[in-house]
>>> print(open('target16.txt').read())   # compact mmCIF, C-alpha atoms and all ligand atoms
# COMPACT_ATOMS: atom_id res chain seq x y z
CA MET A 1 0.00 0.00 0.00
CA GLU A 2 1.35 3.42 -0.92
CA LEU A 3 1.03 6.25 1.63
CA ASP A 4 2.08 9.90 1.59
CA GLY A 5 4.96 11.43 3.56
CA ASN A 6 2.85 11.91 6.67
CA ALA A 7 3.36 8.22 7.28
CA LEU A 8 7.06 8.95 7.96
CA ALA A 9 6.33 11.35 10.80
CA GLY A 10 6.75 8.92 13.67
CA ASP A 11 9.93 7.29 12.34
CA LEU A 12 11.56 10.61 11.42
CA ALA A 13 10.71 12.15 14.79
CA GLU A 14 12.69 9.29 16.33
CA VAL A 15 15.57 9.71 13.84
CA PHE A 16 16.01 13.44 14.40
CA ALA A 17 15.75 13.23 18.19
CA VAL A 18 18.82 10.98 18.58
CA GLU A 19 22.26 12.07 19.74
CA MET A 20 23.71 12.65 16.27
CA THR A 21 27.39 12.62 17.19
CA THR A 22 27.19 8.90 17.94
CA ALA A 23 25.50 8.26 14.61
CA ARG A 24 27.61 6.79 11.80
CA PHE A 25 27.85 8.28 8.33
CA THR A 26 28.92 6.66 5.08
CA CYS A 27 30.58 9.07 2.63
CA ALA A 28 28.92 9.03 -0.79
CA GLY A 29 32.26 9.84 -2.45
CA CYS A 30 34.62 7.19 -1.01
CA ARG A 31 32.29 4.97 1.10
CA HIS A 32 34.35 5.67 4.22
CA ALA A 33 32.16 5.05 7.30
CA ASP A 34 32.73 6.37 10.80
CA ALA A 35 31.09 8.24 13.68
CA VAL A 36 29.63 11.66 12.84
CA ALA A 37 31.94 13.05 15.55
CA THR A 38 34.95 12.25 13.32
CA LEU A 39 33.78 14.57 10.51
CA ARG A 40 35.97 17.64 9.83
CA VAL A 41 33.76 20.66 10.38
CA TRP A 42 34.05 24.31 9.24
CA THR A 43 31.70 26.79 10.88
CA ARG A 44 33.14 30.18 9.88
CA ALA A 45 31.22 30.21 6.63
CA PRO A 46 27.74 31.02 5.36
CA GLY A 47 26.74 27.62 6.80
CA VAL A 48 28.24 24.66 8.62
CA VAL A 49 30.20 22.32 6.37
CA ALA A 50 31.21 18.78 7.42
CA ARG A 51 33.79 16.93 5.35
CA CYS A 52 34.81 13.27 5.18
CA PRO A 53 38.01 12.67 7.19
CA SER A 54 39.16 10.20 4.54
CA CYS A 55 38.58 11.94 1.16
CA GLY A 56 37.72 15.53 2.15
CA ASP A 57 34.43 15.62 0.23
CA VAL A 58 31.52 17.47 1.79
CA VAL A 59 29.34 14.92 3.59
CA LEU A 60 26.72 17.38 4.81
CA SER A 61 26.04 21.07 5.15
CA LEU A 62 23.62 22.99 7.32
CA VAL A 63 22.33 26.46 6.55
CA ARG A 64 20.23 28.41 9.03
CA THR A 65 17.83 30.97 7.62
CA PRO A 66 15.52 33.10 9.77
CA ALA A 67 12.69 30.66 9.10
CA ARG A 68 14.33 27.31 8.34
CA VAL A 69 17.26 24.98 8.85
CA VAL A 70 18.39 23.48 5.55
CA LEU A 71 20.30 20.23 5.92
CA THR A 72 21.91 19.09 2.65
CA LEU A 73 22.97 15.45 2.55
CA THR A 74 24.15 15.13 -1.06
CA GLY A 75 27.48 13.69 0.11
CA THR A 76 25.97 11.23 2.55
CA ALA A 77 25.31 7.71 1.29
CA ARG A 78 23.92 6.53 4.61
CA LEU A 79 23.32 7.57 8.21
CA GLU A 80 23.09 4.90 10.91
CA LEU A 81 21.42 6.08 14.07
CA PRO A 82 21.28 4.53 17.53
CA VAL A 83 17.76 4.16 18.90
CA MET B 1 22.55 52.40 -12.29
CA GLY B 2 23.53 53.19 -8.69
CA ILE B 3 25.86 50.25 -8.23
CA ILE B 4 28.57 51.92 -10.31
CA SER B 5 28.78 55.13 -8.28
CA ARG B 6 28.55 53.15 -5.03
CA GLY B 7 31.78 51.45 -5.98
CA PHE B 8 33.98 54.39 -5.13
CA GLY B 9 33.73 53.73 -1.42
CA GLY B 10 36.95 55.38 -0.33
CA ARG B 11 35.56 58.88 -0.55
CA ARG B 12 32.61 58.01 1.66
CA ARG B 13 34.51 56.38 4.46
CA ASP B 14 34.06 59.24 6.91
CA SER B 15 30.41 59.90 6.16
CA ALA B 16 27.53 57.63 7.13
CA PRO B 17 27.97 54.68 4.83
CA ASP B 18 25.21 53.69 2.52
CA LEU B 19 25.13 49.97 3.22
CA PRO B 20 22.79 47.38 1.71
CA PRO B 21 19.91 46.37 4.00
CA GLY B 22 20.89 44.25 7.01
CA GLN B 23 24.64 44.82 6.63
CA TYR B 24 27.10 46.25 9.18
CA LEU B 25 30.42 47.93 8.49
CA THR B 26 33.71 46.20 9.25
CA HIS B 27 37.26 47.48 8.82
CA ASP B 28 39.07 44.15 9.06
CA PHE B 29 38.76 41.43 6.43
CA PRO B 30 37.07 38.36 7.93
CA VAL B 31 38.22 35.00 6.53
CA LEU B 32 35.38 32.61 5.77
CA SER B 33 36.11 29.09 4.62
CA ALA B 34 34.20 25.88 4.07
CA GLY B 35 37.26 23.65 3.85
CA PRO B 36 41.05 23.51 4.01
CA THR B 37 42.94 26.40 2.41
CA PRO B 38 44.73 25.13 -0.72
CA ARG B 39 48.32 26.25 -1.33
CA ILE B 40 48.69 26.52 -5.09
CA PRO B 41 52.22 27.00 -6.49
CA LEU B 42 52.23 29.54 -9.31
CA ASP B 43 53.91 27.08 -11.69
CA ARG B 44 50.93 24.75 -11.22
CA TRP B 45 48.23 27.41 -11.41
CA SER B 46 45.94 27.55 -14.42
CA PHE B 47 42.59 29.05 -15.34
CA THR B 48 40.27 27.63 -17.99
CA ILE B 49 37.08 28.88 -19.62
CA THR B 50 35.13 25.93 -21.07
CA THR B 51 32.36 26.68 -23.54
CA GLU B 52 29.12 24.72 -23.92
CA ALA B 53 30.73 23.14 -27.02
CA GLY B 54 33.64 21.89 -24.92
CA GLN B 55 36.16 24.36 -26.32
CA LYS B 56 38.77 25.28 -23.71
CA HIS B 57 40.63 28.57 -23.28
CA THR B 58 43.44 28.10 -20.76
CA TRP B 59 45.92 30.53 -19.21
CA ASP B 60 48.93 29.63 -17.11
CA TRP B 61 50.25 32.15 -14.57
CA ALA B 62 52.70 33.80 -16.98
CA ARG B 63 50.13 34.26 -19.77
CA PHE B 64 47.46 35.36 -17.28
CA THR B 65 49.57 38.03 -15.57
CA ALA B 66 50.80 39.28 -18.97
CA LEU B 67 47.22 40.30 -19.81
CA PRO B 68 46.19 43.93 -19.26
CA SER B 69 45.30 44.40 -15.59
CA GLU B 70 43.12 46.94 -13.83
CA GLU B 71 43.15 48.63 -10.42
CA ILE B 72 39.75 48.06 -8.85
CA THR B 73 38.19 49.92 -5.89
CA ARG B 74 34.84 48.54 -4.77
CA ASP B 75 32.70 47.89 -1.71
CA ILE B 76 32.17 44.22 -0.84
CA HIS B 77 29.22 42.66 0.99
CA CYS B 78 29.26 39.23 2.66
CA VAL B 79 26.00 37.35 3.17
CA THR B 80 27.07 36.83 6.82
CA LYS B 81 26.27 40.56 7.08
CA TRP B 82 29.62 42.35 7.08
CA SER B 83 30.43 44.94 4.45
CA LYS B 84 33.83 46.43 3.75
CA LEU B 85 34.09 49.70 1.85
CA GLY B 86 36.59 50.81 -0.74
CA THR B 87 38.58 47.59 -1.03
CA THR B 88 41.39 47.81 -3.60
CA TRP B 89 42.38 45.00 -5.93
CA LYS B 90 44.36 44.33 -9.04
CA GLY B 91 43.08 41.86 -11.56
CA VAL B 92 42.19 40.95 -15.11
CA SER B 93 38.73 41.94 -16.34
CA LEU B 94 36.48 39.09 -17.41
CA ASP B 95 35.85 41.18 -20.54
CA THR B 96 39.51 40.57 -21.44
CA LEU B 97 39.33 36.85 -20.69
CA PHE B 98 36.10 36.40 -22.68
CA ALA B 99 37.31 38.44 -25.68
CA ASP B 100 38.01 35.37 -27.82
CA VAL B 101 35.43 33.05 -26.28
CA GLU B 102 32.54 32.13 -28.55
CA THR B 103 29.47 31.20 -26.56
CA ALA B 104 25.70 31.39 -26.84
CA ALA B 105 25.14 30.21 -23.25
CA ASP B 106 23.81 32.65 -20.68
CA TYR B 107 25.05 31.10 -17.42
CA VAL B 108 28.39 30.30 -15.87
CA MET B 109 29.51 27.87 -13.20
CA ALA B 110 32.69 28.98 -11.47
CA HIS B 111 34.92 26.15 -10.23
CA SER B 112 37.63 26.37 -7.59
CA LYS B 113 40.51 24.27 -6.36
CA GLY B 114 39.02 22.15 -3.58
CA GLY B 115 35.70 21.60 -5.35
CA TYR B 116 33.80 24.80 -4.52
CA THR B 117 31.35 26.00 -7.16
CA THR B 118 29.09 29.03 -7.61
CA ASN B 119 26.72 30.03 -10.44
CA VAL B 120 26.54 33.47 -12.07
CA PRO B 121 24.74 34.82 -15.15
CA LEU B 122 27.28 35.65 -17.86
CA GLU B 123 25.93 39.22 -18.13
CA ASP B 124 27.03 39.81 -14.51
CA LEU B 125 30.62 38.93 -15.41
CA LEU B 126 30.93 41.30 -18.37
CA ASP B 127 30.88 45.08 -18.98
CA GLY B 128 33.40 45.97 -16.30
CA GLN B 129 31.58 44.19 -13.45
CA ALA B 130 33.91 41.28 -12.64
CA TRP B 131 37.58 40.33 -12.52
CA ILE B 132 40.00 37.55 -11.71
CA ALA B 133 41.87 39.37 -8.94
CA TYR B 134 45.41 38.50 -7.88
CA GLU B 135 46.41 41.42 -5.65
CA PHE B 136 44.69 42.91 -2.63
CA ASP B 137 45.82 46.22 -1.10
CA GLY B 138 48.92 46.22 -3.31
CA GLU B 139 50.13 42.77 -2.19
CA PRO B 140 49.82 39.32 -3.77
CA LEU B 141 46.50 37.82 -2.68
CA ASP B 142 46.88 35.67 0.46
CA PRO B 143 45.77 32.03 0.20
CA GLU B 144 43.29 32.72 3.05
CA HIS B 145 41.60 35.30 0.83
CA GLY B 146 41.64 33.09 -2.26
CA GLY B 147 45.14 33.55 -3.65
CA PRO B 148 46.86 33.17 -6.01
CA ALA B 149 43.69 34.43 -7.73
CA ARG B 150 39.98 34.70 -7.02
CA LEU B 151 36.86 35.75 -8.79
CA LEU B 152 35.76 39.29 -7.85
CA ILE B 153 32.09 40.19 -8.48
CA PRO B 154 31.55 43.03 -6.01
CA HIS B 155 27.93 43.79 -6.94
CA LEU B 156 26.81 40.34 -5.70
CA TYR B 157 27.19 38.83 -2.21
CA PHE B 158 30.78 37.83 -1.72
CA TRP B 159 30.20 34.04 -1.78
CA LYS B 160 29.89 34.52 -5.55
CA SER B 161 33.49 35.84 -5.64
CA ALA B 162 34.93 32.32 -5.59
CA LYS B 163 38.33 31.94 -3.91
CA TRP B 164 41.01 29.82 -5.67
CA VAL B 165 39.02 29.98 -8.90
CA ASN B 166 40.45 27.76 -11.62
CA GLY B 167 37.71 27.63 -14.20
CA LEU B 168 34.48 28.96 -15.64
CA GLU B 169 32.12 26.59 -17.38
CA MET B 170 29.41 27.91 -19.70
CA MET B 171 25.89 26.52 -19.14
CA HIS B 172 22.64 26.96 -21.06
CA GLU B 173 20.55 26.66 -17.88
CA ASP B 174 21.18 28.25 -14.50
CA GLU B 175 22.27 25.52 -12.09
CA PRO B 176 23.02 25.94 -8.38
CA GLY B 177 26.58 25.95 -7.08
CA PHE B 178 27.66 24.86 -3.61
CA TRP B 179 25.89 27.40 -1.35
CA GLU B 180 23.03 27.87 -3.79
CA ALA B 181 22.24 24.14 -3.55
CA ALA B 182 22.51 24.35 0.25
CA GLY B 183 19.83 27.00 0.72
CA TYR B 184 21.28 30.30 -0.52
CA HIS B 185 19.83 32.49 -3.26
CA MET B 186 20.57 31.69 -6.91
CA TYR B 187 21.50 35.32 -7.74
CA GLY B 188 22.48 37.06 -4.47
CA ASP B 189 21.93 40.81 -4.95
CA PRO B 190 22.83 42.50 -1.64
CA TRP B 191 20.77 45.61 -2.45
CA HIS B 192 17.66 43.41 -2.68
CA GLU B 193 18.82 41.29 0.28
CA GLN B 194 18.67 38.07 -1.74
CA ARG B 195 20.33 35.91 0.91
CA TYR B 196 18.32 32.69 0.91
CA GLN B 197 16.23 30.70 -1.52
CA GLY B 198 12.85 32.41 -1.63
CA ASP B 199 14.13 35.89 -0.65
ZN ZN A 201 34.93 10.27 1.68
>>> encode(input="target16.txt", output="structure tokens")
Amino acid sequence: MELDGNALAGDLAEVFAVEMTTARFTCAGCRHADAVATLRVWTRAPGVVARCPSCGDVVLSLVRTPARVVLTLTGTARLELPV
Amino acid sequence: MGIISRGFGGRRRDSAPDLPPGQYLTHDFPVLSAGPTPRIPLDRWSFTITTEAGQKHTWDWARFTALPSEEITRDIHCVTKWSKLGTTWKGVSLDTLFADVETAADYVMAHSKGGYTTNVPLEDLLDGQAWIAYEFDGEPLDPEHGGPARLLIPHLYFWKSAKWVNGLEMMHEDEPGFWEAAGYHMYGDPWHEQRYQGD
């Protein structure tokens, strides 16, 4: 049965409430996987940029606007979250 | 068009500055970076314009710095809200670099060492509005500020003035660069406060 995105609400609320630094990322560029806390992060920029410690590619970026937080995960192949 | 006369910021420094909305004045030169600062030896530096047909126009450092250069004095405006008035640069006009480039495409993606990208309409690069700058304040451009050479497009927010620029790629459609894909405005006019997507 196909549902709309509202059906994700419960699962995503759980995902985004977890302690993210203990989550594990997999880099979309080189497939390196490690704890989010090992990412190399630059904050003195128009947004926060987190790079893969292995290949240097951008794994995620976060831009805060007055009304929104925009999380871009183009460089993330996977996030594994503790529950 | 007011942007031209606003460029001569040095004369206004002691009067109340006419800043774009939401900006504050700074006298230092903040360094913003989204990654490690590349150190690019001049003998390995190059700059390439690639047309939509795949034709490449490439300059090495010697050919690039042999081109006619200009002294530039302009105000600059960072989307993180600082503005700096009357900054002085030396660089090569994009009009000079595009003189022999045949293109029918309207948009440009700027590429930098380290993978940074930013999109700009071609018309914003021409007619004396943009340069590849390689000196700031009479000195070679520091790596922290984008040296050996950076794009300089002072009439747009400063994230468009890509540090460590090494190429311009012509595009038929406007496509987002790094910050534009991450939530920032596609065009970025400080006088219309086009900071974020939807502004
Ligand atoms: Zn990687």
>>> residues_near_ligand(input="target16.txt", ligand="ligand ZN 201 (chain A)", cutoff="8 Å", atoms="only C-alpha atoms and all ligand atoms", output="compact mmCIF listing (two decimals) with C-alpha atoms, keeping the file's coordinate frame")
# COMPACT_ATOMS: atom_id res chain seq x y z
CA THR A 26 28.92 6.66 5.08
CA CYS A 27 30.58 9.07 2.63
CA ALA A 28 28.92 9.03 -0.79
CA GLY A 29 32.26 9.84 -2.45
CA CYS A 30 34.62 7.19 -1.01
CA ARG A 31 32.29 4.97 1.10
CA HIS A 32 34.35 5.67 4.22
CA ARG A 51 33.79 16.93 5.35
CA CYS A 52 34.81 13.27 5.18
CA PRO A 53 38.01 12.67 7.19
CA SER A 54 39.16 10.20 4.54
CA CYS A 55 38.58 11.94 1.16
CA GLY A 56 37.72 15.53 2.15
CA ASP A 57 34.43 15.62 0.23
CA VAL A 58 31.52 17.47 1.79
CA VAL A 59 29.34 14.92 3.59
>>> atom_distance(input="target16.txt", atom1="CA of Lys113 (chain B)", atom2="CA of Phe64 (chain B)")
17.0 Å
>>> closest_atom_pairs(input="target16.txt", of="chain B", to="chain A", cutoff="10 Å", atoms="only C-alpha atoms", output="Markdown table")
| residue | atom | partner | partner_atom | distance |
| --- | --- | --- | --- | --- |
| B:Pro30 | CA | A:Arg44 | CA | 9.3 |
| B:Val31 | CA | A:Arg44 | CA | 7.8 |
| B:Leu32 | CA | A:Ala45 | CA | 4.9 |
| B:Ser33 | CA | A:Ala45 | CA | 5.4 |
| B:Ala34 | CA | A:Trp42 | CA | 5.4 |
| B:Gly35 | CA | A:Trp42 | CA | 6.3 |
| B:Pro36 | CA | A:Trp42 | CA | 8.8 |
| B:Cys78 | CA | A:Pro46 | CA | 8.8 |
| B:Val79 | CA | A:Pro46 | CA | 6.9 |
| B:Thr80 | CA | A:Pro46 | CA | 6.0 |
| B:Lys81 | CA | A:Pro46 | CA | 9.8 |
| B:Gly114 | CA | A:Asp57 | CA | 8.8 |
| B:Gly115 | CA | A:Asp57 | CA | 8.3 |
| B:Tyr116 | CA | A:Val58 | CA | 9.9 |
| B:Trp159 | CA | A:Pro46 | CA | 8.1 |
| B:Phe178 | CA | A:Ser61 | CA | 9.7 |
| B:Trp179 | CA | A:Pro46 | CA | 7.8 |
| B:Ala181 | CA | A:Thr72 | CA | 8.0 |
| B:Ala182 | CA | A:Thr72 | CA | 5.8 |
| B:Gly183 | CA | A:Val70 | CA | 6.1 |
| B:Tyr184 | CA | A:Val63 | CA | 8.1 |
| B:Arg195 | CA | A:Thr65 | CA | 8.7 |
| B:Tyr196 | CA | A:Thr65 | CA | 6.9 |
| B:Gln197 | CA | A:Thr65 | CA | 9.3 |
>>> write_last_selection(input="target16.txt", atoms="C-alpha atoms", output="PDB file, keeping the file's coordinate frame")
ATOM      1  CA  PRO B  30      37.070  38.360   7.930  1.00  0.00           C
ATOM      2  CA  VAL B  31      38.220  35.000   6.530  1.00  0.00           C
ATOM      3  CA  LEU B  32      35.380  32.610   5.770  1.00  0.00           C
ATOM      4  CA  SER B  33      36.110  29.090   4.620  1.00  0.00           C
ATOM      5  CA  ALA B  34      34.200  25.880   4.070  1.00  0.00           C
ATOM      6  CA  GLY B  35      37.260  23.650   3.850  1.00  0.00           C
ATOM      7  CA  PRO B  36      41.050  23.510   4.010  1.00  0.00           C
ATOM      8  CA  CYS B  78      29.260  39.230   2.660  1.00  0.00           C
ATOM      9  CA  VAL B  79      26.000  37.350   3.170  1.00  0.00           C
ATOM     10  CA  THR B  80      27.070  36.830   6.820  1.00  0.00           C
ATOM     11  CA  LYS B  81      26.270  40.560   7.080  1.00  0.00           C
ATOM     12  CA  GLY B 114      39.020  22.150  -3.580  1.00  0.00           C
ATOM     13  CA  GLY B 115      35.700  21.600  -5.350  1.00  0.00           C
ATOM     14  CA  TYR B 116      33.800  24.800  -4.520  1.00  0.00           C
ATOM     15  CA  TRP B 159      30.200  34.040  -1.780  1.00  0.00           C
ATOM     16  CA  PHE B 178      27.660  24.860  -3.610  1.00  0.00           C
ATOM     17  CA  TRP B 179      25.890  27.400  -1.350  1.00  0.00           C
ATOM     18  CA  ALA B 181      22.240  24.140  -3.550  1.00  0.00           C
ATOM     19  CA  ALA B 182      22.510  24.350   0.250  1.00  0.00           C
ATOM     20  CA  GLY B 183      19.830  27.000   0.720  1.00  0.00           C
ATOM     21  CA  TYR B 184      21.280  30.300  -0.520  1.00  0.00           C
ATOM     22  CA  ARG B 195      20.330  35.910   0.910  1.00  0.00           C
ATOM     23  CA  TYR B 196      18.320  32.690   0.910  1.00  0.00           C
ATOM     24  CA  GLN B 197      16.230  30.700  -1.520  1.00  0.00           C
TER      25      GLN B 197
END
>>> atom_distance(input="target16.txt", atom1="CA of Leu79 (chain A)", atom2="CA of Met20 (chain A)")
9.5 Å
>>> closest_residue(input="target16.txt", among="B:Arg150, B:Pro176, B:Ile132, B:Leu85", to="Asp28 (chain B)", atoms="all atoms listed in the file")
B:Leu85
>>> closest_residue(input="target16.txt", among="B:Ala53, B:Lys90, B:Glu71, B:Ala62", to="Pro140 (chain B)", atoms="only C-alpha atoms")
B:Lys90
>>> build_atoms(input="target16.txt", residues="region 13-41 of chain B", atoms="N, CA and C atoms", output="PDB file, in the frame of the given file")
ATOM      1  N   ARG B  13      34.215  57.138   3.262  1.00  0.00           N
ATOM      2  CA  ARG B  13      34.510  56.380   4.460  1.00  0.00           C
ATOM      3  C   ARG B  13      34.177  57.153   5.741  1.00  0.00           C
ATOM      4  N   ASP B  14      34.297  58.463   5.709  1.00  0.00           N
ATOM      5  CA  ASP B  14      34.060  59.240   6.910  1.00  0.00           C
ATOM      6  C   ASP B  14      32.604  59.670   7.084  1.00  0.00           C
ATOM      7  N   SER B  15      31.825  59.557   6.031  1.00  0.00           N
ATOM      8  CA  SER B  15      30.410  59.900   6.160  1.00  0.00           C
ATOM      9  C   SER B  15      29.633  58.633   6.504  1.00  0.00           C
ATOM     10  N   ALA B  16      28.355  58.798   6.824  1.00  0.00           N
ATOM     11  CA  ALA B  16      27.530  57.630   7.130  1.00  0.00           C
ATOM     12  C   ALA B  16      27.460  56.747   5.902  1.00  0.00           C
ATOM     13  N   PRO B  17      27.927  55.527   6.020  1.00  0.00           N
ATOM     14  CA  PRO B  17      27.970  54.680   4.830  1.00  0.00           C
ATOM     15  C   PRO B  17      26.587  54.237   4.393  1.00  0.00           C
ATOM     16  N   ASP B  18      26.450  54.125   3.122  1.00  0.00           N
ATOM     17  CA  ASP B  18      25.210  53.690   2.520  1.00  0.00           C
ATOM     18  C   ASP B  18      25.320  52.190   2.281  1.00  0.00           C
ATOM     19  N   LEU B  19      24.950  51.415   3.299  1.00  0.00           N
ATOM     20  CA  LEU B  19      25.130  49.970   3.220  1.00  0.00           C
ATOM     21  C   LEU B  19      23.851  49.298   2.727  1.00  0.00           C
ATOM     22  N   PRO B  20      23.988  48.139   2.067  1.00  0.00           N
ATOM     23  CA  PRO B  20      22.790  47.380   1.710  1.00  0.00           C
ATOM     24  C   PRO B  20      22.014  46.986   2.968  1.00  0.00           C
ATOM     25  N   PRO B  21      20.731  46.682   2.827  1.00  0.00           N
ATOM     26  CA  PRO B  21      19.910  46.370   4.000  1.00  0.00           C
ATOM     27  C   PRO B  21      20.472  45.194   4.800  1.00  0.00           C
ATOM     28  N   GLY B  22      20.478  45.335   6.123  1.00  0.00           N
ATOM     29  CA  GLY B  22      20.890  44.250   7.010  1.00  0.00           C
ATOM     30  C   GLY B  22      22.376  44.088   7.184  1.00  0.00           C
ATOM     31  N   GLN B  23      23.185  44.956   6.560  1.00  0.00           N
ATOM     32  CA  GLN B  23      24.640  44.820   6.630  1.00  0.00           C
ATOM     33  C   GLN B  23      25.221  45.745   7.702  1.00  0.00           C
ATOM     34  N   TYR B  24      26.370  45.352   8.299  1.00  0.00           N
ATOM     35  CA  TYR B  24      27.100  46.250   9.180  1.00  0.00           C
ATOM     36  C   TYR B  24      28.496  46.460   8.611  1.00  0.00           C
ATOM     37  N   LEU B  25      29.117  47.560   9.026  1.00  0.00           N
ATOM     38  CA  LEU B  25      30.420  47.930   8.490  1.00  0.00           C
ATOM     39  C   LEU B  25      31.539  47.261   9.276  1.00  0.00           C
ATOM     40  N   THR B  26      32.522  46.713   8.564  1.00  0.00           N
ATOM     41  CA  THR B  26      33.710  46.200   9.250  1.00  0.00           C
ATOM     42  C   THR B  26      34.937  46.808   8.592  1.00  0.00           C
ATOM     43  N   HIS B  27      36.011  46.935   9.370  1.00  0.00           N
ATOM     44  CA  HIS B  27      37.260  47.480   8.820  1.00  0.00           C
ATOM     45  C   HIS B  27      38.316  46.394   8.642  1.00  0.00           C
ATOM     46  N   ASP B  28      38.133  45.250   9.325  1.00  0.00           N
ATOM     47  CA  ASP B  28      39.070  44.150   9.060  1.00  0.00           C
ATOM     48  C   ASP B  28      38.530  43.336   7.879  1.00  0.00           C
ATOM     49  N   PHE B  29      39.163  42.221   7.599  1.00  0.00           N
ATOM     50  CA  PHE B  29      38.760  41.430   6.430  1.00  0.00           C
ATOM     51  C   PHE B  29      38.552  39.994   6.921  1.00  0.00           C
ATOM     52  N   PRO B  30      37.318  39.689   7.386  1.00  0.00           N
ATOM     53  CA  PRO B  30      37.070  38.360   7.930  1.00  0.00           C
ATOM     54  C   PRO B  30      37.378  37.260   6.909  1.00  0.00           C
ATOM     55  N   VAL B  31      37.920  36.151   7.394  1.00  0.00           N
ATOM     56  CA  VAL B  31      38.220  35.000   6.530  1.00  0.00           C
ATOM     57  C   VAL B  31      37.139  33.960   6.745  1.00  0.00           C
ATOM     58  N   LEU B  32      36.376  33.674   5.701  1.00  0.00           N
ATOM     59  CA  LEU B  32      35.380  32.610   5.770  1.00  0.00           C
ATOM     60  C   LEU B  32      35.880  31.449   4.929  1.00  0.00           C
ATOM     61  N   SER B  33      35.719  30.239   5.440  1.00  0.00           N
ATOM     62  CA  SER B  33      36.110  29.090   4.620  1.00  0.00           C
ATOM     63  C   SER B  33      35.265  27.886   4.959  1.00  0.00           C
ATOM     64  N   ALA B  34      35.025  27.075   3.953  1.00  0.00           N
ATOM     65  CA  ALA B  34      34.200  25.880   4.070  1.00  0.00           C
ATOM     66  C   ALA B  34      35.045  24.632   3.879  1.00  0.00           C
ATOM     67  N   GLY B  35      36.373  24.790   4.033  1.00  0.00           N
ATOM     68  CA  GLY B  35      37.260  23.650   3.850  1.00  0.00           C
ATOM     69  C   GLY B  35      38.694  24.097   4.025  1.00  0.00           C
ATOM     70  N   PRO B  36      39.633  23.154   3.862  1.00  0.00           N
ATOM     71  CA  PRO B  36      41.050  23.510   4.010  1.00  0.00           C
ATOM     72  C   PRO B  36      41.475  24.534   2.962  1.00  0.00           C
ATOM     73  N   THR B  37      42.434  25.385   3.335  1.00  0.00           N
ATOM     74  CA  THR B  37      42.940  26.400   2.410  1.00  0.00           C
ATOM     75  C   THR B  37      43.987  25.781   1.499  1.00  0.00           C
ATOM     76  N   PRO B  38      43.731  25.726   0.178  1.00  0.00           N
ATOM     77  CA  PRO B  38      44.730  25.130  -0.720  1.00  0.00           C
ATOM     78  C   PRO B  38      45.927  26.059  -0.912  1.00  0.00           C
ATOM     79  N   ARG B  39      47.102  25.488  -0.991  1.00  0.00           N
ATOM     80  CA  ARG B  39      48.320  26.250  -1.330  1.00  0.00           C
ATOM     81  C   ARG B  39      48.657  25.873  -2.764  1.00  0.00           C
ATOM     82  N   ILE B  40      48.541  26.827  -3.671  1.00  0.00           N
ATOM     83  CA  ILE B  40      48.690  26.520  -5.090  1.00  0.00           C
ATOM     84  C   ILE B  40      49.960  27.182  -5.619  1.00  0.00           C
ATOM     85  N   PRO B  41      50.998  26.405  -5.924  1.00  0.00           N
ATOM     86  CA  PRO B  41      52.220  27.000  -6.490  1.00  0.00           C
ATOM     87  C   PRO B  41      51.910  27.649  -7.835  1.00  0.00           C
TER      88      PRO B  41
END
